[in-house]
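> input_12.pdb is reproduced in full below (PDB, C-alpha atoms, pLDDT in the B column).
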ATOM      1  CA  MET A   1     -11.349  13.676  69.941  1.00 96.00           C
ATOM      2  CA  ARG A   2      -8.925  16.219  71.369  1.00 97.00           C
ATOM      3  CA  LEU A   3      -5.475  14.995  72.384  1.00 98.00           C
ATOM      4  CA  PHE A   4      -2.999  16.692  74.705  1.00 98.00           C
ATOM      5  CA  VAL A   5       0.614  16.337  73.564  1.00 98.00           C
ATOM      6  CA  GLY A   6       3.228  17.187  76.192  1.00 98.00           C
ATOM      7  CA  ASN A   7       7.022  17.406  76.362  1.00 98.00           C
ATOM      8  CA  LEU A   8       7.233  18.748  72.824  1.00 97.00           C
ATOM      9  CA  SER A   9      10.493  20.036  71.428  1.00 96.00           C
ATOM     10  CA  TYR A  10      10.461  23.843  71.430  1.00 95.00           C
ATOM     11  CA  ASN A  11      11.413  23.689  67.745  1.00 94.00           C
ATOM     12  CA  ILE A  12       8.608  21.445  66.465  1.00 96.00           C
ATOM     13  CA  SER A  13       6.061  23.090  64.186  1.00 96.00           C
ATOM     14  CA  GLU A  14       2.315  22.592  64.015  1.00 97.00           C
ATOM     15  CA  ALA A  15       2.804  21.147  60.504  1.00 97.00           C
ATOM     16  CA  GLU A  16       5.251  18.520  61.828  1.00 97.00           C
ATOM     17  CA  LEU A  17       2.871  17.589  64.642  1.00 97.00           C
ATOM     18  CA  SER A  18      -0.010  17.326  62.173  1.00 97.00           C
ATOM     19  CA  GLU A  19       2.093  15.103  59.915  1.00 97.00           C
ATOM     20  CA  ALA A  20       2.953  12.767  62.808  1.00 97.00           C
ATOM     21  CA  PHE A  21      -0.692  12.265  63.775  1.00 98.00           C
ATOM     22  CA  GLY A  22      -1.846  12.303  60.152  1.00 97.00           C
ATOM     23  CA  GLN A  23      -0.308   8.838  59.719  1.00 97.00           C
ATOM     24  CA  PHE A  24      -3.227   7.499  61.751  1.00 97.00           C
ATOM     25  CA  GLY A  25      -6.108   9.433  60.208  1.00 97.00           C
ATOM     26  CA  GLU A  26      -7.597  12.854  59.560  1.00 98.00           C
ATOM     27  CA  VAL A  27      -6.305  15.722  61.676  1.00 98.00           C
ATOM     28  CA  SER A  28      -8.778  18.610  61.867  1.00 98.00           C
ATOM     29  CA  SER A  29      -6.558  21.033  63.815  1.00 98.00           C
ATOM     30  CA  VAL A  30      -3.259  21.376  65.665  1.00 98.00           C
ATOM     31  CA  LYS A  31      -2.374  24.075  68.188  1.00 98.00           C
ATOM     32  CA  ILE A  32       0.997  24.428  69.905  1.00 97.00           C
ATOM     33  CA  ILE A  33       0.683  26.693  72.937  1.00 97.00           C
ATOM     34  CA  VAL A  34       3.133  29.589  72.984  1.00 96.00           C
ATOM     35  CA  ASP A  35       4.192  32.051  75.666  1.00 95.00           C
ATOM     36  CA  ARG A  36       2.293  35.274  74.999  1.00 94.00           C
ATOM     37  CA  ASP A  37       5.260  37.462  75.941  1.00 96.00           C
ATOM     38  CA  THR A  38       8.082  35.690  74.090  1.00 94.00           C
ATOM     39  CA  GLY A  39       6.185  33.797  71.380  1.00 92.00           C
ATOM     40  CA  ARG A  40       8.227  30.699  72.242  1.00 95.00           C
ATOM     41  CA  SER A  41       6.578  27.294  72.465  1.00 95.00           C
ATOM     42  CA  ARG A  42       5.602  26.236  75.988  1.00 97.00           C
ATOM     43  CA  GLY A  43       6.344  22.591  75.099  1.00 97.00           C
ATOM     44  CA  PHE A  44       2.794  21.302  74.757  1.00 97.00           C
ATOM     45  CA  GLY A  45      -0.116  21.436  72.381  1.00 98.00           C
ATOM     46  CA  PHE A  46      -3.378  19.921  71.241  1.00 98.00           C
ATOM     47  CA  VAL A  47      -4.344  17.785  68.256  1.00 98.00           C
ATOM     48  CA  ASP A  48      -7.975  17.391  67.175  1.00 98.00           C
ATOM     49  CA  MET A  49      -8.980  14.295  65.233  1.00 98.00           C
ATOM     50  CA  PRO A  50     -12.662  13.784  64.283  1.00 97.00           C
ATOM     51  CA  ASN A  51     -12.501   9.970  64.341  1.00 97.00           C
ATOM     52  CA  ALA A  52     -12.116   8.639  67.905  1.00 96.00           C
ATOM     53  CA  ASP A  53     -10.686   5.284  66.764  1.00 97.00           C
ATOM     54  CA  GLU A  54      -7.988   6.989  64.683  1.00 97.00           C
ATOM     55  CA  ALA A  55      -7.223   9.406  67.531  1.00 97.00           C
ATOM     56  CA  THR A  56      -6.892   6.536  70.008  1.00 97.00           C
ATOM     57  CA  LYS A  57      -4.562   4.671  67.664  1.00 97.00           C
ATOM     58  CA  GLY A  58      -2.425   7.795  67.174  1.00 97.00           C
ATOM     59  CA  MET A  59      -2.354   8.413  70.918  1.00 97.00           C
ATOM     60  CA  ASN A  60      -1.264   4.849  71.669  1.00 97.00           C
ATOM     61  CA  GLU A  61       1.402   4.801  68.953  1.00 97.00           C
ATOM     62  CA  ILE A  62       2.930   8.232  69.576  1.00 97.00           C
ATOM     63  CA  ASP A  63       2.779   8.286  73.399  1.00 98.00           C
ATOM     64  CA  GLY A  64       6.277   7.529  74.685  1.00 97.00           C
ATOM     65  CA  SER A  65       7.888   7.827  71.258  1.00 96.00           C
ATOM     66  CA  GLU A  66      10.477  10.360  70.156  1.00 96.00           C
ATOM     67  CA  LEU A  67       9.281  13.368  68.211  1.00 94.00           C
ATOM     68  CA  GLY A  68      11.634  16.217  67.410  1.00 90.00           C
ATOM     69  CA  GLY A  69      14.320  14.783  69.690  1.00 93.00           C
ATOM     70  CA  ARG A  70      12.118  14.475  72.788  1.00 96.00           C
ATOM     71  CA  THR A  71       9.980  11.677  74.216  1.00 97.00           C
ATOM     72  CA  VAL A  72       6.423  12.971  74.049  1.00 98.00           C
ATOM     73  CA  ALA A  73       3.447  12.176  76.259  1.00 98.00           C
ATOM     74  CA  VAL A  74       0.010  11.935  74.651  1.00 98.00           C
ATOM     75  CA  LYS A  75      -3.331  11.604  76.430  1.00 97.00           C
ATOM     76  CA  GLU A  76      -6.937  12.528  75.885  1.00 97.00           C
ATOM     77  CA  ALA A  77      -7.495  16.214  76.646  1.00 96.00           C
ATOM     78  CA  HIS A  78     -10.153  17.176  79.136  1.00 90.00           C
ATOM     79  CA  GLU A  79     -12.048  20.438  79.329  1.00 80.00           C
ATOM     80  CA  ASN A  80     -10.447  22.973  81.671  1.00 76.00           C
ATOM     81  CA  THR A  81     -13.169  24.115  84.046  1.00 66.00           C
ATOM     82  CA  ARG A  82     -10.965  26.328  86.250  1.00 68.00           C
ATOM     83  CA  ARG A  83     -11.401  29.488  84.146  1.00 60.00           C
TER
END
What does the file become when written as structure tokens?


Amino acid sequence: MRLFVGNLSYNISEAELSEAFGQFGEVSSVKIIVDRDTGRSRGFGFVDMPNADEATKGMNEIDGSELGGRTVAVKEAHENTRR
């Protein structure tokens, strides 16, 4: 299951995000989206977890909690069909 994580601190690393979700199960990948010109985080990213139950638990626990000094929003990611 792919999760969208929004309102991330610009200083949080992919390793820290993986560690936060890793409390709830296996994390297969983490990607923080960065601005292609500046290389700075755009404040959101994606976490992939192969087990849907673990991903749902992580989403429910982390959504609305503080991570890196900011209250993050977590929801199930949906395929972008606009491209």

> Counting all atoms listed in the file, which residue out of A:Gly25, A:Pro50, A:Gly45, A:Gly39 sits closest to Ala73 (chain A)?

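For Ala73 (chain A), the nearest of the candidates is A:Gly45.
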
> Which polymer residues, whether protein, DNA or RNA, lie within 12 Å of the coordinate (1.8, 21.6, 63.2) when you count only C-alpha atoms? List them as a list in words, using the chain letters and numbers from the file.

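Residues found, by chain and rising number: Val5, Leu8, Asn11, Ile12, Ser13, Glu14, Ala15, Glu16, Leu17, Ser18, Glu19, Ala20, Phe21, Gly22, Val27, Ser28, Ser29, Val30, Lys31, Ile32, Ile33, Ser41, Phe44, Gly45, Phe46, Val47, Asp48 and Gly68 of chain A.
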
> What is the distance, in Å and to one decimal place, between CA of Phe4 (chain A) and CA of Ala77 (chain A)?

4.9 Å

> Please measure the separation of CA of Gly58 (chain A) and CA of Val34 (chain A), giving the value in Å to one decimal.

23.2 Å

> Could you tell me which of A:Glu54, A:Met1, A:Ser9, A:Glu26 comes closest to Arg70 (chain A) if we count only C-alpha atoms?

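So, comparing all the options, the nearest one is A:Ser9.
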
> Step by step, work through what the PyMOL selection byres ((chain A and resi 74) around 8) selects in the shown file, and finish by giving those residues as a PDB file with C-alpha atoms, in the frame of the given file.


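Saved to out_24.pdb:
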ATOM      1  CA  LEU A   3      -5.475  14.995  72.384  1.00 98.00           C
ATOM      2  CA  PHE A   4      -2.999  16.692  74.705  1.00 98.00           C
ATOM      3  CA  VAL A   5       0.614  16.337  73.564  1.00 98.00           C
ATOM      4  CA  GLY A   6       3.228  17.187  76.192  1.00 98.00           C
ATOM      5  CA  MET A  59      -2.354   8.413  70.918  1.00 97.00           C
ATOM      6  CA  ASN A  60      -1.264   4.849  71.669  1.00 97.00           C
ATOM      7  CA  ILE A  62       2.930   8.232  69.576  1.00 97.00           C
ATOM      8  CA  ASP A  63       2.779   8.286  73.399  1.00 98.00           C
ATOM      9  CA  GLY A  64       6.277   7.529  74.685  1.00 97.00           C
ATOM     10  CA  VAL A  72       6.423  12.971  74.049  1.00 98.00           C
ATOM     11  CA  ALA A  73       3.447  12.176  76.259  1.00 98.00           C
ATOM     12  CA  LYS A  75      -3.331  11.604  76.430  1.00 97.00           C
ATOM     13  CA  GLU A  76      -6.937  12.528  75.885  1.00 97.00           C
TER      14      GLU A  76
END

> Draw an axis-aligned box over all listed atoms of region 67-71 of chain A, pad each side with 3 Å, and write its centre and edge lengths in Å, one decimal, as JSON.


{"center_x": 11.8, "center_y": 13.9, "center_z": 70.8, "size_x": 11.0, "size_y": 10.5, "size_z": 12.8}
